[in-house]
file structure.tsv (TSV, C-alpha atoms)
chain	number	residue	atom	x	y	z
C	1	MET	CA	-7.11	-0.61	8.98
C	2	VAL	CA	-4.18	-0.48	11.38
C	3	THR	CA	-4.78	0.21	15.07
C	4	ILE	CA	-1.91	1.98	16.82
C	5	THR	CA	-2.49	1.83	20.57
C	6	GLU	CA	-1.98	4.85	22.80
C	7	SER	CA	1.17	3.39	24.32
C	8	ALA	CA	2.58	2.73	20.82
C	9	GLN	CA	1.67	6.29	19.76
C	10	GLU	CA	3.54	7.70	22.76
C	11	TYR	CA	6.57	5.52	22.04
C	12	LEU	CA	6.66	6.40	18.34
C	13	ALA	CA	6.22	10.12	19.12
C	14	GLU	CA	9.19	9.92	21.50
C	15	LEU	CA	11.34	8.24	18.83
C	16	LEU	CA	10.28	10.78	16.21
C	17	SER	CA	11.13	13.70	18.52
C	18	LYS	CA	14.78	12.59	18.30
C	19	GLN	CA	14.79	12.70	14.49
C	20	GLU	CA	15.30	16.08	12.85
C	21	ASP	CA	14.16	15.19	9.34
C	22	ALA	CA	11.39	12.63	9.96
C	23	LEU	CA	7.92	13.61	8.78
C	24	GLY	CA	6.33	10.71	10.66
C	25	VAL	CA	6.29	6.93	10.35
C	26	ARG	CA	5.78	4.78	7.28
C	27	VAL	CA	3.96	1.45	7.65
C	28	PHE	CA	4.35	-1.20	4.96
C	29	VAL	CA	4.65	-4.93	4.34
C	30	ASN	CA	7.72	-6.41	2.64
C	31	GLN	CA	6.85	-9.37	0.38
C	32	PRO	CA	3.12	-9.11	1.18
C	33	GLY	CA	0.96	-12.17	0.66
C	34	THR	CA	3.89	-14.59	0.94
C	35	PRO	CA	5.20	-16.77	3.77
C	36	ARG	CA	8.09	-14.28	4.10
C	37	ALA	CA	5.88	-11.23	4.61
C	38	GLU	CA	7.25	-8.83	7.17
C	39	THR	CA	5.32	-5.86	8.53
C	40	CYS	CA	7.54	-2.83	9.05
C	41	ILE	CA	7.46	0.61	10.59
C	42	ALA	CA	10.17	3.05	9.55
C	43	TYR	CA	10.89	6.74	9.79
C	44	CYS	CA	9.24	8.54	6.89
C	45	ARG	CA	11.40	11.23	5.36
C	46	GLU	CA	10.76	13.69	2.53
C	47	GLY	CA	11.60	11.30	-0.35
C	48	ASP	CA	9.67	8.38	1.15
C	49	VAL	CA	6.14	9.76	0.68
C	50	ASN	CA	4.17	8.51	-2.32
C	51	GLU	CA	1.00	10.11	-3.65
C	52	GLU	CA	-0.83	6.79	-3.33
C	53	ASP	CA	-0.02	6.49	0.39
C	54	GLU	CA	-2.88	6.68	2.83
C	55	THR	CA	-2.12	9.14	5.60
C	56	HIS	CA	-3.48	9.33	9.11
C	57	GLU	CA	-2.85	12.10	11.59
C	58	TYR	CA	-2.32	11.02	15.18
C	59	PRO	CA	-2.08	13.56	18.03
C	60	ALA	CA	1.75	13.68	17.96
C	61	PHE	CA	2.75	12.45	14.47
C	62	MET	CA	1.68	11.52	10.95
C	63	ALA	CA	1.53	7.93	9.73
C	64	TYR	CA	1.90	7.03	6.05
C	65	PHE	CA	0.53	3.65	4.99
C	66	GLU	CA	1.90	2.23	1.74
C	67	ALA	CA	-0.99	1.82	-0.71
C	68	ARG	CA	0.23	-1.58	-1.95
C	69	SER	CA	0.32	-2.86	1.63
C	70	LEU	CA	-3.15	-1.67	2.70
C	71	PRO	CA	-5.05	-4.93	2.01
C	72	PHE	CA	-2.41	-6.82	3.99
C	73	LEU	CA	-2.63	-4.38	6.91
C	74	ASP	CA	-6.33	-5.01	7.58
C	75	ASP	CA	-6.85	-5.72	11.29
C	76	ALA	CA	-3.18	-4.97	12.08
C	77	LEU	CA	-2.26	-3.89	15.60
C	78	VAL	CA	0.77	-1.89	16.71
C	79	ASP	CA	1.34	-1.96	20.46
C	80	TYR	CA	4.07	-1.01	22.92
C	81	SER	CA	4.60	-2.76	26.24
C	82	LYS	CA	7.01	-1.53	28.88
C	83	ASP	CA	9.15	-4.11	30.64
C	84	ARG	CA	12.28	-4.30	32.81
C	85	MET	CA	14.53	-3.89	29.77
C	86	GLY	CA	12.71	-0.78	28.54
C	87	GLY	CA	9.92	-2.06	26.34
C	88	GLN	CA	8.96	-3.69	23.11
C	89	LEU	CA	7.06	-2.47	20.08
C	90	THR	CA	5.03	-5.28	18.52
C	91	ILE	CA	3.25	-5.40	15.19
C	92	LYS	CA	0.61	-8.03	14.59
C	93	ALA	CA	-0.71	-8.18	11.05
C	94	PRO	CA	-2.77	-11.36	10.63
C	95	ASN	CA	-3.38	-10.72	6.92
C	96	ALA	CA	0.21	-9.92	5.92
C	97	LYS	CA	0.99	-13.44	4.70
C	98	LEU	CA	-2.37	-14.18	3.11
C	99	PRO	CA	-2.30	-14.13	-0.69
C	100	GLN	CA	-4.56	-11.37	-1.98
C	101	VAL	CA	-3.92	-11.34	-5.69
C	102	ASP	CA	-6.21	-10.42	-8.55
C	103	GLU	CA	-5.91	-8.83	-12.00
C	104	SER	CA	-5.34	-5.39	-10.49
C	105	SER	CA	-2.43	-6.58	-8.32
C	106	SER	CA	1.09	-5.51	-9.22
C	107	LEU	CA	3.18	-7.82	-11.40
C	108	GLU	CA	5.53	-8.32	-8.44
C	109	ASP	CA	2.67	-9.51	-6.22
C	110	ARG	CA	1.39	-11.89	-8.91
C	111	ILE	CA	4.88	-13.33	-9.48
C	112	ASN	CA	5.33	-13.89	-5.74
C	113	TYR	CA	1.93	-15.56	-5.58
C	114	VAL	CA	2.88	-18.07	-8.31
C	115	LEU	CA	6.34	-18.68	-6.82
C	116	TYR	CA	5.12	-19.32	-3.27
C	117	ASN	CA	1.97	-21.25	-4.13
C	118	GLU	CA	2.99	-23.31	-7.17
C	119	VAL	CA	6.74	-23.29	-7.79
C	120	ASN	CA	8.19	-23.50	-4.28
C	121	PRO	CA	6.03	-26.44	-3.15
C	122	ALA	CA	7.53	-28.44	-6.06
C	123	LEU	CA	11.07	-27.28	-5.28
C	124	ALA	CA	10.62	-28.12	-1.59
C	125	ALA	CA	10.73	-31.82	-2.47
C	126	HIS	CA	14.44	-31.29	-3.18
C	127	GLY	CA	14.96	-28.88	-0.29
C	128	GLY	CA	14.99	-25.88	-2.62
C	129	GLU	CA	13.21	-22.58	-3.01
C	130	VAL	CA	13.20	-19.54	-5.28
C	131	SER	CA	12.38	-15.93	-4.45
C	132	LEU	CA	11.85	-12.77	-6.44
C	133	LEU	CA	14.53	-10.09	-6.07
C	134	GLU	CA	13.03	-7.56	-8.47
C	135	VAL	CA	11.07	-7.00	-11.66
C	136	THR	CA	13.10	-5.05	-14.23
C	137	GLU	CA	11.69	-2.16	-16.25
C	138	ASP	CA	11.54	-4.46	-19.30
C	139	ASN	CA	9.44	-7.03	-17.33
C	140	TYR	CA	12.03	-9.68	-16.50
C	141	ALA	CA	11.76	-11.40	-13.12
C	142	VAL	CA	15.13	-11.49	-11.36
C	143	LEU	CA	15.18	-14.57	-9.14
C	144	GLN	CA	17.39	-16.09	-6.49
C	145	PHE	CA	17.49	-19.80	-5.68
C	146	GLY	CA	18.21	-21.16	-2.22
C	147	GLY	CA	18.45	-24.42	-0.34
C	148	GLY	CA	18.95	-27.50	-2.53
C	149	CYS	CA	18.65	-25.39	-5.70
C	150	GLN	CA	21.69	-23.25	-4.97
C	151	GLY	CA	24.64	-24.83	-6.77
C	152	CYS	CA	22.53	-27.69	-8.15
C	153	GLY	CA	23.64	-29.05	-11.52
C	154	MET	CA	20.02	-29.09	-12.74
C	155	VAL	CA	19.24	-25.46	-11.91
C	156	ASP	CA	19.26	-24.35	-15.57
C	157	GLN	CA	16.62	-26.96	-16.41
C	158	THR	CA	14.61	-26.00	-13.32
C	159	LEU	CA	14.85	-22.31	-14.24
C	160	LYS	CA	13.81	-22.61	-17.90
C	161	GLY	CA	11.69	-25.76	-17.95
C	162	GLY	CA	9.94	-25.24	-14.64
C	163	VAL	CA	10.00	-21.78	-13.12
C	164	GLU	CA	10.03	-19.66	-16.29
C	165	LYS	CA	7.50	-21.86	-18.08
C	166	THR	CA	5.08	-21.69	-15.13
C	167	LEU	CA	5.43	-17.92	-14.76
C	168	LEU	CA	5.05	-17.19	-18.49
C	169	GLU	CA	1.95	-19.39	-18.77
C	170	GLN	CA	0.21	-17.45	-16.01
C	171	LEU	CA	1.70	-13.99	-16.55
C	172	PRO	CA	2.03	-13.36	-20.29
C	173	GLN	CA	3.19	-9.76	-19.75
C	174	LEU	CA	6.40	-11.18	-18.23
C	175	LYS	CA	9.24	-11.39	-20.78
C	176	GLY	CA	11.32	-14.02	-18.96
C	177	VAL	CA	13.40	-14.77	-15.89
C	178	ARG	CA	17.00	-14.17	-14.87
C	179	ASP	CA	18.91	-16.06	-12.19
C	180	MET	CA	21.11	-13.98	-9.87
C	181	THR	CA	22.11	-16.88	-7.60
C	182	ASP	CA	25.75	-17.59	-6.78
C	183	HIS	CA	25.85	-21.25	-7.80
C	184	SER	CA	29.52	-21.70	-6.87
C	185	ASP	CA	28.39	-22.76	-3.37
C	186	THR	CA	27.36	-26.39	-3.83
C	187	SER	CA	27.31	-27.38	-0.15
C	188	GLN	CA	23.49	-27.72	-0.04
C	189	ALA	CA	22.95	-28.71	-3.70
C	190	TYR	CA	20.47	-31.47	-4.45
C	191	TYR	CA	22.48	-32.79	-7.45
call {"tool": "encode", "arguments": {"input": "structure.tsv", "output": "structure tokens"}}
result
Amino acid sequence: MVTITESAQEYLAELLSKQEDALGVRVFVNQPGTPRAETCIAYCREGDVNEEDETHEYPAFMAYFEARSLPFLDDALVDYSKDRMGGQLTIKAPNAKLPQVDESSSLEDRINYVLYNEVNPALAAHGGEVSLLEVTEDNYAVLQFGGGCQGCGMVDQTLKGGVEKTLLEQLPQLKGVRDMTDHSDTSQAYY
């Protein structure tokens, strides 16, 4: 679980005291299990609390830990160090970028796992990458290409013959993929 040091608790309590509508803090990981994982702490307001969240009461505030992020927050440390400029809150989450995917994982997590571990290594040969923007209600993966894939003349073939084929083979509940990339910028395009 997450360790929030005393100095970090004092700092967060001070920040929260200046917020009228904050219930506490919310701790979560954006894009967990991928190289782009980012551990975040945000104010938690009324509409932010989910039933699945794990809560912890600290002496001066409540912390809400996103259920989906819990496996990636194992051994995480939140600390605050004072310095000449005021201080710095640091979050160290050594498991945030480690893939932790199984059959019970969300479709989003499983798509990201396939993209970052199978698709992107192949695209990297051309200086490209693809990332998941969202999964629609009707189970389409909305993707965005970057690097050498953005504006590339072969992106349609890459999308259908490579990315979509790979995802559909491994995730049959997925209906397909959609590309939301602005391909008018060809400055970095491979072809």
call {"tool": "atom_distance", "arguments": {"input": "structure.tsv", "atom1": "CA of Ala67 in chain C", "atom2": "CA of Val101 in chain C"}}
result
14.4 Å
call {"tool": "residues_around", "arguments": {"input": "structure.tsv", "residues": "Tyr191 in chain C", "least_positions_apart": "3", "cutoff": "8 Å", "atoms": "all atoms listed in the file", "output": "list in words"}}
result
Cys152, Gly153 and Met154 of chain C
call {"tool": "residues_around", "arguments": {"input": "structure.tsv", "residues": "range 158-167 of chain C", "least_positions_apart": "4", "cutoff": "8 Å", "atoms": "all atoms listed in the file", "output": "list in words"}}
result
Ile111, Val114, Leu115, Val119, Met154, Leu171, Pro172, Leu174, Gly176, Val177 and Asp179 of chain C
call {"tool": "atom_distance", "arguments": {"input": "structure.tsv", "atom1": "CA of Ser106 in chain C", "atom2": "CA of Val135 in chain C"}}
result
10.4 Å
call {"tool": "atom_distance", "arguments": {"input": "structure.tsv", "atom1": "CA of Glu10 in chain C", "atom2": "CA of Val49 in chain C"}}
result
22.3 Å
call {"tool": "build_atoms", "arguments": {"input": "structure.tsv", "residues": "range 11-32 of chain C", "atoms": "N, CA and C atoms", "output": "short mmCIF file (atom, residue, chain, number, x, y, z; two decimals), in the coordinates of the input"}}
result
data_model
loop_
_atom_site.label_atom_id
_atom_site.label_comp_id
_atom_site.auth_asym_id
_atom_site.auth_seq_id
_atom_site.Cartn_x
_atom_site.Cartn_y
_atom_site.Cartn_z
N TYR C 11 5.22 6.02 22.31
CA TYR C 11 6.57 5.52 22.04
C TYR C 11 7.08 6.03 20.69
N LEU C 12 6.25 5.94 19.67
CA LEU C 12 6.66 6.40 18.34
C LEU C 12 6.89 7.91 18.33
N ALA C 13 6.04 8.66 19.03
CA ALA C 13 6.22 10.12 19.12
C ALA C 13 7.54 10.46 19.79
N GLU C 14 7.91 9.70 20.81
CA GLU C 14 9.19 9.92 21.50
C GLU C 14 10.36 9.64 20.55
N LEU C 15 10.28 8.55 19.80
CA LEU C 15 11.34 8.24 18.83
C LEU C 15 11.44 9.33 17.76
N LEU C 16 10.30 9.76 17.26
CA LEU C 16 10.28 10.78 16.21
C LEU C 16 10.82 12.12 16.71
N SER C 17 10.64 12.43 17.98
CA SER C 17 11.13 13.70 18.52
C SER C 17 12.65 13.78 18.48
N LYS C 18 13.31 12.64 18.36
CA LYS C 18 14.78 12.59 18.30
C LYS C 18 15.31 12.63 16.87
N GLN C 19 14.41 12.67 15.91
CA GLN C 19 14.79 12.70 14.49
C GLN C 19 14.49 14.09 13.93
N GLU C 20 15.49 14.72 13.36
CA GLU C 20 15.30 16.08 12.85
C GLU C 20 14.53 16.12 11.54
N ASP C 21 14.72 15.12 10.68
CA ASP C 21 14.16 15.19 9.34
C ASP C 21 13.00 14.23 9.10
N ALA C 22 12.50 13.58 10.13
CA ALA C 22 11.39 12.63 9.96
C ALA C 22 10.06 13.37 9.92
N LEU C 23 9.26 13.03 8.91
CA LEU C 23 7.92 13.61 8.78
C LEU C 23 6.90 12.84 9.62
N GLY C 24 7.22 11.60 9.93
CA GLY C 24 6.33 10.71 10.66
C GLY C 24 6.84 9.29 10.51
N VAL C 25 5.92 8.33 10.54
CA VAL C 25 6.29 6.93 10.35
C VAL C 25 5.65 6.40 9.08
N ARG C 26 6.30 5.43 8.48
CA ARG C 26 5.78 4.78 7.28
C ARG C 26 5.54 3.32 7.64
N VAL C 27 4.34 2.82 7.34
CA VAL C 27 3.96 1.45 7.65
C VAL C 27 3.76 0.72 6.33
N PHE C 28 4.42 -0.44 6.21
CA PHE C 28 4.35 -1.20 4.96
C PHE C 28 4.64 -2.67 5.23
N VAL C 29 4.38 -3.49 4.23
CA VAL C 29 4.65 -4.93 4.34
C VAL C 29 5.63 -5.30 3.23
N ASN C 30 6.77 -5.87 3.61
CA ASN C 30 7.72 -6.41 2.64
C ASN C 30 7.23 -7.79 2.23
N GLN C 31 7.29 -8.10 0.95
CA GLN C 31 6.85 -9.37 0.38
C GLN C 31 5.45 -9.75 0.86
N PRO C 32 4.48 -8.83 0.69
CA PRO C 32 3.12 -9.11 1.18
C PRO C 32 2.50 -10.31 0.48
#
